[in-house]
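query22.txt (compact mmCIF, C-alpha atoms and all ligand atoms) appears below.
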```txt
# COMPACT_ATOMS: atom_id res chain seq x y z
CA MET A 1 7.81 -3.66 14.11
CA ASN A 2 7.13 -3.75 17.83
CA ALA A 3 3.48 -4.13 18.76
CA GLN A 4 3.80 -2.15 21.99
CA ILE A 5 1.46 0.74 21.52
CA PRO A 6 1.08 3.86 23.65
CA GLN A 7 -2.10 3.71 25.68
CA ALA A 8 -4.26 6.76 25.94
CA SER A 9 -5.11 8.01 29.38
CA THR A 10 -8.56 9.27 30.17
CA SER A 11 -7.70 11.55 33.08
CA THR A 12 -4.76 13.89 32.71
CA PRO A 13 -3.03 12.61 29.60
CA LEU A 14 -0.64 15.53 29.25
CA GLN A 15 1.04 14.66 32.52
CA GLN A 16 1.07 10.96 31.89
CA SER A 17 2.30 10.45 28.37
CA GLU A 18 5.38 8.30 28.56
CA PHE A 19 5.86 8.14 24.85
CA LEU A 20 8.01 10.33 22.68
CA LEU A 21 6.97 10.27 19.04
CA VAL A 22 9.60 11.47 16.60
CA GLY A 23 9.10 12.43 12.98
CA CYS A 24 12.16 11.91 10.79
CA ARG A 25 13.19 11.62 7.17
CA HIS A 26 12.28 8.33 5.51
CA GLY A 27 15.30 6.06 5.83
CA SER A 28 16.83 7.88 8.81
CA GLU A 29 15.15 5.69 11.44
CA SER A 30 18.23 3.58 12.16
CA ALA A 31 20.49 6.65 12.40
CA LEU A 32 17.95 8.21 14.77
CA GLU A 33 17.93 5.06 16.88
CA HIS A 34 21.71 5.10 16.98
CA ARG A 35 21.62 8.65 18.36
CA GLN A 36 18.99 7.63 20.92
CA ARG A 37 21.13 4.72 22.13
CA LEU A 38 24.08 7.07 22.63
CA ALA A 39 22.29 10.02 24.19
CA PHE A 40 19.27 8.40 25.92
CA PRO A 41 20.09 4.73 26.47
CA SER A 42 17.20 4.30 28.89
CA PHE A 43 14.58 5.15 26.25
CA GLN A 44 12.99 2.07 24.76
CA LYS A 45 12.14 1.94 21.11
CA SER A 46 8.48 1.13 20.68
CA TYR A 47 6.33 1.48 17.55
CA TRP A 48 8.12 2.50 14.37
CA ARG A 49 7.42 2.92 10.70
CA LYS A 50 9.26 4.77 8.00
CA GLY A 51 9.33 8.41 9.01
CA LEU A 52 7.99 7.84 12.53
CA VAL A 53 9.58 6.31 15.63
CA THR A 54 8.23 6.20 19.17
CA PHE A 55 10.21 5.69 22.34
CA ARG A 56 8.99 4.88 25.82
CA ILE A 57 10.55 7.30 28.30
CA PRO A 58 11.31 5.78 31.71
CA SER A 59 9.27 7.15 34.58
CA HIS A 60 12.27 8.61 36.46
CA ILE A 61 12.88 10.86 33.42
CA VAL A 62 9.30 11.60 32.48
CA SER A 63 8.62 12.80 36.02
CA LYS A 64 11.25 15.54 35.72
CA PRO A 65 9.78 19.04 35.48
CA GLU A 66 11.11 19.70 31.98
CA TRP A 67 9.20 16.68 30.70
CA CYS A 68 6.05 17.23 32.75
CA HIS A 69 5.49 20.80 31.78
CA PHE A 70 7.31 21.49 28.57
CA GLY A 71 6.58 18.60 26.30
CA VAL A 72 9.85 17.56 24.78
CA PRO A 73 12.93 19.45 26.00
CA ASP A 74 14.77 21.19 23.13
CA ASP A 75 18.07 19.50 23.87
CA VAL A 76 16.49 16.08 23.34
CA LEU A 77 15.71 16.92 19.72
CA GLU A 78 19.14 18.49 19.24
CA GLN A 79 20.85 15.36 20.49
CA LEU A 80 18.72 13.06 18.36
CA VAL A 81 19.94 15.02 15.27
CA PHE A 82 17.68 13.08 12.89
CA ALA A 83 14.50 14.17 14.69
CA ARG A 84 12.57 16.72 12.64
CA ILE A 85 9.99 17.04 15.41
CA GLY A 86 9.28 15.40 18.75
CA ILE A 87 5.90 15.21 20.41
CA ARG A 88 4.45 13.54 23.49
CA SER A 89 2.21 10.85 22.16
CA LEU A 90 -1.16 10.38 23.82
CA GLY A 91 -2.10 7.36 21.77
CA GLN A 92 -3.25 6.13 18.43
CA ILE A 93 -6.62 6.63 16.86
CA THR A 94 -8.17 4.16 14.48
CA GLY A 95 -11.63 4.16 12.99
CA GLN A 96 -13.43 3.38 9.77
CA THR A 97 -14.37 6.95 8.94
CA GLU A 98 -12.79 10.31 9.49
CA ASP A 99 -15.69 11.35 11.72
CA GLU A 100 -15.18 8.29 13.93
CA ARG A 101 -11.54 9.20 14.30
CA ILE A 102 -12.43 12.80 15.11
CA ALA A 103 -14.83 11.60 17.83
CA ALA A 104 -12.12 9.31 19.25
CA THR A 105 -9.69 12.24 19.23
CA HIS A 106 -12.20 14.29 21.19
CA GLN A 107 -12.59 11.52 23.73
CA LEU A 108 -8.83 11.11 24.05
CA LEU A 109 -8.29 14.79 24.69
CA GLY A 110 -10.90 14.96 27.44
CA SER A 111 -10.87 18.37 29.01
CA VAL A 112 -7.42 19.30 27.78
CA LYS A 113 -7.30 22.66 26.05
CA VAL A 114 -4.82 23.29 23.28
CA ASN A 115 -3.82 26.48 21.51
CA ALA A 116 -3.24 25.27 18.00
CA VAL A 117 -3.61 22.16 15.89
CA HIS A 118 -0.98 20.74 13.54
CA VAL A 119 -2.06 17.93 11.24
CA TRP A 120 0.86 16.38 9.40
CA LYS A 121 1.62 13.22 7.48
CA ARG A 122 4.16 10.57 8.41
CA ASP A 123 4.79 10.29 4.70
CA PRO A 124 4.30 13.54 2.77
CA ARG A 125 3.34 11.44 -0.28
CA LEU A 126 0.19 10.07 1.41
CA GLN A 127 -2.85 11.22 -0.56
CA ILE A 128 -4.91 12.43 2.41
CA ASP A 129 -6.64 15.77 2.85
CA THR A 130 -5.15 17.14 6.06
CA ASP A 131 -7.11 20.42 5.75
CA SER A 132 -10.37 18.60 6.40
CA ILE A 133 -8.95 16.91 9.52
CA GLN A 134 -7.47 20.20 10.68
CA HIS A 135 -10.81 21.93 10.26
CA LYS A 136 -12.73 19.28 12.21
CA ILE A 137 -10.26 19.08 15.08
CA THR A 138 -10.13 22.84 15.35
CA ALA A 139 -13.93 22.86 15.67
CA LEU A 140 -13.74 20.66 18.81
CA ASP A 141 -14.21 22.45 22.08
CA SER A 142 -10.73 21.30 23.15
CA PHE A 143 -9.37 23.98 20.93
CA GLN A 144 -8.96 27.48 22.23
CA GLU A 145 -6.95 30.30 20.81
CA GLU A 146 -5.62 31.84 23.98
CA LEU A 147 -2.54 30.65 25.74
CA ILE A 148 -3.20 28.42 28.71
CA THR A 149 -0.47 30.10 30.67
CA SER A 150 1.93 32.81 29.66
CA LYS A 151 4.62 30.17 29.24
CA GLN A 152 2.92 27.38 27.36
CA ASN A 153 1.75 27.26 23.81
CA LEU A 154 0.31 23.81 23.64
CA ILE A 155 0.04 22.42 20.13
CA LEU A 156 -2.04 19.38 19.39
CA ASN A 157 -0.47 17.14 16.78
CA CYS A 158 -2.47 14.76 14.63
CA VAL A 159 0.02 12.59 12.79
CA VAL A 160 -1.58 10.87 9.84
CA ASP A 161 0.17 7.51 9.78
CA SER A 162 -2.04 5.84 7.18
CA VAL A 163 -5.54 6.18 5.74
CA ASP A 164 -7.20 4.91 8.93
CA ARG A 165 -4.60 5.44 11.64
CA TRP A 166 -3.61 8.67 13.37
CA TRP A 167 -1.38 9.43 16.30
CA ILE A 168 -2.43 12.16 18.68
CA GLY A 169 0.11 14.02 20.75
CA TRP A 170 1.28 17.43 21.79
CA HIS A 171 4.28 19.63 22.02
CA VAL A 172 4.95 23.08 23.36
CA GLY A 173 5.60 25.43 20.50
CA ASN A 174 7.45 28.30 22.08
CA THR A 175 10.25 28.39 19.52
CA GLN A 176 10.11 29.38 15.87
CA THR A 177 10.62 25.78 14.73
CA GLY A 178 7.94 24.70 17.19
CA GLN A 179 5.45 26.52 14.96
CA TRP A 180 6.38 24.42 11.91
CA SER A 181 3.73 21.75 11.43
CA GLY A 182 5.41 18.33 11.60
CA GLY A 183 8.76 20.12 11.84
CA TYR A 184 8.60 20.62 8.08
CA TYR A 185 10.12 23.94 7.03
CA PRO A 186 7.23 26.07 5.75
CA GLY A 187 9.38 28.19 3.41
CA GLU A 188 9.04 27.68 -0.30
CA MET A 189 11.56 27.73 -3.09
CA PRO A 190 11.07 30.79 -5.26
CA ALA A 191 10.52 30.21 -8.98
CA HIS A 192 13.81 31.93 -9.83
CA ALA A 193 15.93 29.72 -7.54
CA ILE A 194 18.83 28.11 -9.36
CA SER A 195 18.82 24.91 -7.31
CA ARG A 196 17.24 23.27 -4.28
CA ALA A 197 20.25 24.35 -2.25
CA TRP A 198 18.54 27.78 -2.10
CA LEU A 199 15.77 26.31 0.07
CA LYS A 200 18.10 24.11 2.13
CA LEU A 201 20.16 27.14 3.09
CA ASP A 202 17.01 29.14 3.76
CA GLU A 203 15.88 26.41 6.18
CA ALA A 204 19.31 26.19 7.83
CA ILE A 205 19.28 29.94 8.43
CA ALA A 206 15.82 29.76 9.98
CA ARG A 207 16.29 26.52 11.91
CA PHE A 208 19.60 27.54 13.49
CA GLY A 209 18.71 31.22 13.83
CA ILE A 210 21.78 32.30 11.84
CA GLN A 211 22.25 36.02 11.50
CA PHE A 212 24.49 37.19 8.70
CA HIS A 213 25.53 40.82 8.68
CA SER A 214 25.15 42.79 5.49
CA GLY A 215 28.42 42.93 3.51
CA GLU A 216 30.02 39.91 5.18
CA ARG A 217 32.24 37.70 3.02
CA VAL A 218 31.22 34.11 2.51
CA CYS A 219 33.00 31.28 0.73
CA GLU A 220 31.13 28.19 -0.40
CA LEU A 221 33.05 25.02 -1.26
CA GLY A 222 30.95 23.04 -3.73
CA ALA A 223 29.00 25.99 -5.09
CA ALA A 224 27.73 24.93 -8.53
CA PRO A 225 25.20 25.44 -9.98
CA GLY A 226 24.64 28.18 -7.39
CA GLY A 227 21.34 28.09 -5.45
CA ALA A 228 22.99 28.65 -2.07
CA CYS A 229 25.25 31.44 -3.40
CA GLN A 230 22.16 33.04 -4.91
CA ARG A 231 20.42 32.94 -1.50
CA LEU A 232 23.54 34.53 0.04
CA VAL A 233 23.86 37.41 -2.44
CA GLU A 234 20.14 38.06 -1.98
CA GLY A 235 21.03 38.57 1.69
CA GLN A 236 23.50 41.33 0.72
CA LEU A 237 26.57 39.16 1.26
CA ARG A 238 29.72 39.06 -0.85
CA VAL A 239 30.24 35.53 -2.04
CA VAL A 240 33.05 33.42 -3.48
CA GLY A 241 32.01 30.05 -4.89
CA VAL A 242 34.69 27.36 -5.18
CA ASP A 243 33.80 24.61 -7.63
CA PRO A 244 35.42 23.09 -10.74
CA ALA A 245 31.95 22.92 -12.30
CA THR A 246 30.20 25.75 -14.15
CA MET A 247 28.03 28.22 -12.28
CA HIS A 248 24.59 29.18 -13.53
CA PRO A 249 24.83 32.50 -15.45
CA GLN A 250 22.28 34.08 -13.13
CA ILE A 251 24.79 33.90 -10.25
CA ALA A 252 28.00 33.90 -12.30
CA GLU A 253 27.17 37.38 -13.58
CA HIS A 254 26.15 38.81 -10.21
CA GLU A 255 28.43 41.65 -9.14
CA GLN A 256 28.60 40.38 -5.55
CA PHE A 257 29.76 36.95 -6.71
CA THR A 258 33.17 35.57 -7.70
CA HIS A 259 33.80 32.08 -9.04
CA TRP A 260 37.04 30.27 -8.25
CA LYS A 261 36.76 27.47 -10.78
CA LYS A 262 38.83 24.86 -8.98
CA ARG A 263 38.69 22.18 -6.31
CA ALA A 264 38.77 23.20 -2.65
CA ARG A 265 42.23 21.71 -2.13
CA ASP A 266 43.62 23.80 -5.01
CA VAL A 267 42.81 27.07 -3.23
CA ARG A 268 45.81 28.41 -1.33
CA ILE A 269 45.19 28.61 2.39
CA ARG A 270 46.02 32.30 2.47
CA ASP A 271 43.34 32.94 -0.17
CA PHE A 272 40.69 31.95 2.34
CA GLY A 273 41.82 35.27 3.84
CA ASP A 274 39.20 37.08 5.78
CA PHE A 275 35.99 35.18 5.11
CA ASP A 276 33.34 35.61 7.78
CA TRP A 277 31.62 32.34 6.91
CA ILE A 278 32.64 29.10 5.23
CA LEU A 279 29.92 26.97 3.69
CA THR A 280 30.49 23.52 2.24
CA ASP A 281 28.15 21.49 0.05
CA MET A 282 30.49 19.12 -1.82
CA ASN A 283 29.25 15.76 -3.00
CA ILE A 284 32.16 13.94 -1.39
CA ALA A 285 32.51 11.74 1.71
CA PRO A 286 31.92 13.62 4.98
CA ALA A 287 35.44 12.79 6.17
CA SER A 288 36.80 14.61 3.08
CA THR A 289 34.58 17.63 3.77
CA MET A 290 35.84 17.69 7.35
CA ALA A 291 39.44 17.43 6.07
CA SER A 292 38.83 20.49 3.83
CA LEU A 293 37.53 22.41 6.83
CA GLU A 294 40.43 21.26 8.99
CA ARG A 295 42.90 22.53 6.39
CA ILE A 296 41.33 25.98 6.55
CA LEU A 297 40.44 26.24 10.21
CA SER A 298 43.43 24.69 11.90
CA ALA A 299 45.94 26.70 9.89
CA ARG A 300 44.70 30.26 10.23
CA SER A 301 44.77 32.80 12.98
CA HIS A 302 41.84 34.72 11.52
CA LYS A 303 38.91 32.36 11.73
CA PRO A 304 35.51 32.82 10.18
CA ARG A 305 32.57 33.54 12.48
CA GLY A 306 30.85 30.41 11.44
CA ILE A 307 30.65 27.29 9.32
CA ILE A 308 27.61 25.79 7.63
CA ALA A 309 28.56 22.35 6.36
CA THR A 310 26.41 19.89 4.50
CA LEU A 311 27.72 16.40 5.19
CA LYS A 312 26.44 13.88 2.67
CA LEU A 313 25.66 10.54 4.27
CA SER A 314 25.99 8.34 1.20
CA ASN A 315 26.13 5.57 3.78
CA LEU A 316 24.10 6.21 6.92
CA SER A 317 26.74 4.48 9.04
CA HIS A 318 28.78 7.67 8.52
CA ALA A 319 26.43 9.18 11.10
CA GLU A 320 28.37 7.21 13.72
CA GLU A 321 31.28 9.61 13.17
CA LEU A 322 29.14 12.60 14.03
CA ASP A 323 30.47 13.13 17.54
CA GLN A 324 34.00 13.07 16.15
CA TRP A 325 33.11 15.83 13.66
CA CYS A 326 31.63 17.89 16.47
CA SER A 327 34.77 17.36 18.57
CA SER A 328 36.87 18.70 15.68
CA CYS A 329 34.73 21.85 15.62
CA VAL A 330 35.21 22.28 19.35
CA ALA A 331 38.98 21.85 18.94
CA TRP A 332 38.95 24.62 16.30
CA GLY A 333 37.16 26.91 18.77
CA TYR A 334 33.59 26.50 17.58
CA HIS A 335 30.27 25.54 19.11
CA PRO A 336 28.71 22.90 16.84
CA ARG A 337 25.04 22.02 16.32
CA VAL A 338 23.83 19.35 13.92
CA GLN A 339 20.41 18.62 12.46
CA GLN A 340 18.96 16.81 9.51
CA LEU A 341 16.99 19.43 7.60
CA SER A 342 13.48 18.75 6.35
CA THR A 343 14.28 20.09 2.89
CA GLY A 344 17.57 18.22 2.42
CA GLY A 345 18.42 14.73 1.28
CA GLN A 346 20.38 11.97 2.98
CA GLU A 347 22.71 14.41 4.66
CA ILE A 348 23.04 16.48 7.78
CA CYS A 349 23.68 20.16 8.31
CA LEU A 350 26.44 21.05 10.76
CA VAL A 351 26.46 24.66 11.91
CA ALA A 352 29.41 25.74 14.02
CA GLN A 353 29.80 29.24 15.33
CA LYS A 354 32.79 30.69 17.10
CA LYS A 355 32.46 30.05 20.82
CA SER A 356 32.71 33.74 21.53
CA ASP A 357 30.06 34.44 18.89
CA SER A 358 27.76 31.39 18.97
CA ARG A 359 24.61 33.39 19.64
CA ASN A 360 25.43 35.87 16.85
C1 LIG B 1 25.38 19.29 -4.36
S1 LIG B 1 26.37 20.15 -5.50
C2 LIG B 1 26.43 21.75 -4.77
C3 LIG B 1 25.17 22.52 -4.90
C4 LIG B 1 25.41 23.97 -4.64
N1 LIG B 1 25.77 24.23 -3.27
C5 LIG B 1 24.24 24.84 -5.02
O1 LIG B 1 23.92 25.72 -4.23
O2 LIG B 1 23.69 24.70 -6.10
C6 LIG B 1 27.95 19.52 -5.17
C7 LIG B 1 29.06 20.23 -5.85
O3 LIG B 1 30.28 19.90 -5.21
C8 LIG B 1 31.29 20.06 -6.16
N2 LIG B 1 32.53 19.44 -5.67
C9 LIG B 1 32.80 18.12 -5.49
N3 LIG B 1 34.03 17.98 -5.02
C10 LIG B 1 34.58 19.22 -4.89
C11 LIG B 1 35.83 19.72 -4.44
N4 LIG B 1 36.80 18.89 -4.04
N5 LIG B 1 36.01 21.05 -4.44
C12 LIG B 1 35.05 21.90 -4.84
N6 LIG B 1 33.83 21.46 -5.27
C13 LIG B 1 33.61 20.15 -5.30
C14 LIG B 1 30.71 19.43 -7.41
O4 LIG B 1 31.37 19.91 -8.57
C15 LIG B 1 29.25 19.87 -7.33
O5 LIG B 1 29.04 21.01 -8.14
```
Please express the file's structure as structure tokens.
Amino acid sequence: MNAQIPQASTSTPLQQSEFLLVGCRHGSESALEHRQRLAFPSFQKSYWRKGLVTFRIPSHIVSKPEWCHFGVPDDVLEQLVFARIGIRSLGQITGQTEDERIAATHQLLGSVKVNAVHVWKRDPRLQIDTDSIQHKITALDSFQEELITSKQNLILNCVVDSVDRWWIGWHVGNTQTGQWSGGYYPGEMPAHAISRAWLKLDEAIARFGIQFHSGERVCELGAAPGGACQRLVEGQLRVVGVDPATMHPQIAEHEQFTHWKKRARDVRIRDFGDFDWILTDMNIAPASTMASLERILSARSHKPRGIIATLKLSNLSHAEELDQWCSSCVAWGYHPRVQQLSTGGQEICLVAQKKSDSRN
């Protein structure tokens, strides 16, 4: 662990923060660093722990307007793929008691006004009451509910690293995902959901802003037991699930659902017919998932509007092939975006929409 620690500034910290703090899934730190080396080789890795990595941003980049005024540019997070959230770190706070840390936070913020406070844990399993911290920070006079300018929605982040260590930083929360504390998807899995895939798909839809149209036809490869298909039929879509395994009766008996009880490769190409969307969630190597997609997408003249593929990274080194997967999507005529979801496992979600249709 590198001991280089972001220093707080006393004057205008928002302009001066040279540190990007990224929250990621536990275990994804090395994959995140790999992405950083490819996309932002001049960033220097600084402090890191499981679920949290900071980078020092060189001054020629940090002085650019998009960094000065808008926190962390959206494309930075997109390119890092494994970043659930990115904030500009103002420094770390330590102290024996919570009140000491609150006072230090106040001092660090100086006269800076923020619009909202997000308190989130580096490790969701930490047994710490974030509501109490949230309440105390919100009571500081640095907090105000109006927007500072019409453009900025400055959100103070208090990242609870451990019992006595916090990181304080900010981001501009002008997007829907910018409102999610810690970048964690706030949606919950309903009690009737068949599997966790229900929530993963729900997050993918929200995170990527996917708009299905009522009545569209969707095919999911790797559909059993059926949480994702259930989420789709609830959205008024007509769904075919391809999987040699048995579907849960709750979805199997749904009138908008059809089960093709076979492996993806055993479905004739022409049977993929006129699907509007292809989803994949097979527990196979990502290269095999991409080969299944290639078989469908390179052979047909009618192409679906979009693809939502879960690529299982049984070995995180698979992440090094990510740009290749994106290039395949481009070659098929799609605009790819990739993110690790906060509700998923060791996997990434690749969403590719037809170039002519990529904004729905
Ligand atoms: C993670 S589960 C899918 C979860 C599912 N999407 C849901 O919503 O509940 C992975 C599934 O992939 C299926 N699978 C593995 N290889 C497959 C293949 N070649 N073709 C179709 N399904 C496959 C497995 O049978 C298994 O049911």
Around ligand LIG 1 (chain B), out to 9 Å and counting all atoms listed in the file, which residues are there? I want them as a VMD selection string. chain A and resid 194 to 198 200 to 201 220 to 231 241 to 248 261 to 266 279 to 284 288 to 289 292 310 312
Atomic separation - atom CA of A:Gly51 relative to atom CA of A:His26, Å: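 Atom-to-atom, atom CA of A:His26 to atom CA of A:Gly51, that is 4.6 Å.
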Around all the atoms of stretch 94-102 of chain A listed in the file, draw an axis-aligned box and extend it by 3 Å on each of the six sides; I want its centre and edge lengths in Å to one decimal, as lines of an AutoDock Vina configuration file.
```
center_x = -11.9
center_y = 8.1
center_z = 12.0
size_x = 13.5
size_y = 15.4
size_z = 12.2
```
Selected residue, from A:Val112, A:Glu100, A:Pro286, A:Gly345, that lies nearest to A:Ile133 when counting all atoms listed in the file: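 For A:Ile133, the nearest of the candidates is A:Glu100.
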Would you mind telling me which residue in A:Met290, A:Ser342, A:Trp170, A:Arg125 lies nearest to A:Gly187 when using all atoms listed in the file? A:Ser342
Reconstructed stretch 277-288 of chain A, atom set N, CA, C and O atoms, as a compact mmCIF listing (two decimals), in the coordinates of the input:
```
# COMPACT_ATOMS: atom_id res chain seq x y z
N TRP A 277 32.32 33.63 6.86
CA TRP A 277 31.62 32.34 6.91
C TRP A 277 32.21 31.41 5.86
O TRP A 277 32.54 31.86 4.77
N ILE A 278 32.29 30.13 6.21
CA ILE A 278 32.64 29.10 5.23
C ILE A 278 31.46 28.15 5.13
O ILE A 278 30.98 27.63 6.15
N LEU A 279 30.97 27.95 3.93
CA LEU A 279 29.92 26.97 3.69
C LEU A 279 30.53 25.83 2.88
O LEU A 279 31.42 26.07 2.06
N THR A 280 30.06 24.62 3.11
CA THR A 280 30.49 23.52 2.24
C THR A 280 29.26 22.73 1.82
O THR A 280 28.33 22.52 2.62
N ASP A 281 29.25 22.33 0.56
CA ASP A 281 28.15 21.49 0.05
C ASP A 281 28.71 20.61 -1.07
O ASP A 281 28.17 20.56 -2.16
N MET A 282 29.84 19.94 -0.78
CA MET A 282 30.49 19.12 -1.82
C MET A 282 29.94 17.70 -1.78
O MET A 282 29.71 17.16 -0.70
N ASN A 283 29.76 17.13 -2.97
CA ASN A 283 29.25 15.76 -3.00
C ASN A 283 30.41 14.77 -2.88
O ASN A 283 30.73 14.04 -3.80
N ILE A 284 31.03 14.83 -1.71
CA ILE A 284 32.16 13.94 -1.39
C ILE A 284 31.90 13.35 0.00
O ILE A 284 30.96 13.77 0.69
N ALA A 285 32.71 12.38 0.40
CA ALA A 285 32.51 11.74 1.71
C ALA A 285 32.64 12.79 2.83
O ALA A 285 33.45 13.72 2.72
N PRO A 286 31.86 12.63 3.89
CA PRO A 286 31.92 13.62 4.98
C PRO A 286 33.32 13.78 5.56
O PRO A 286 33.72 14.90 5.93
N ALA A 287 34.09 12.69 5.61
CA ALA A 287 35.44 12.79 6.17
C ALA A 287 36.28 13.74 5.30
O ALA A 287 37.11 14.50 5.81
N SER A 288 36.04 13.72 3.98
CA SER A 288 36.80 14.61 3.08
C SER A 288 36.36 16.05 3.27
O SER A 288 37.18 16.98 3.23
```
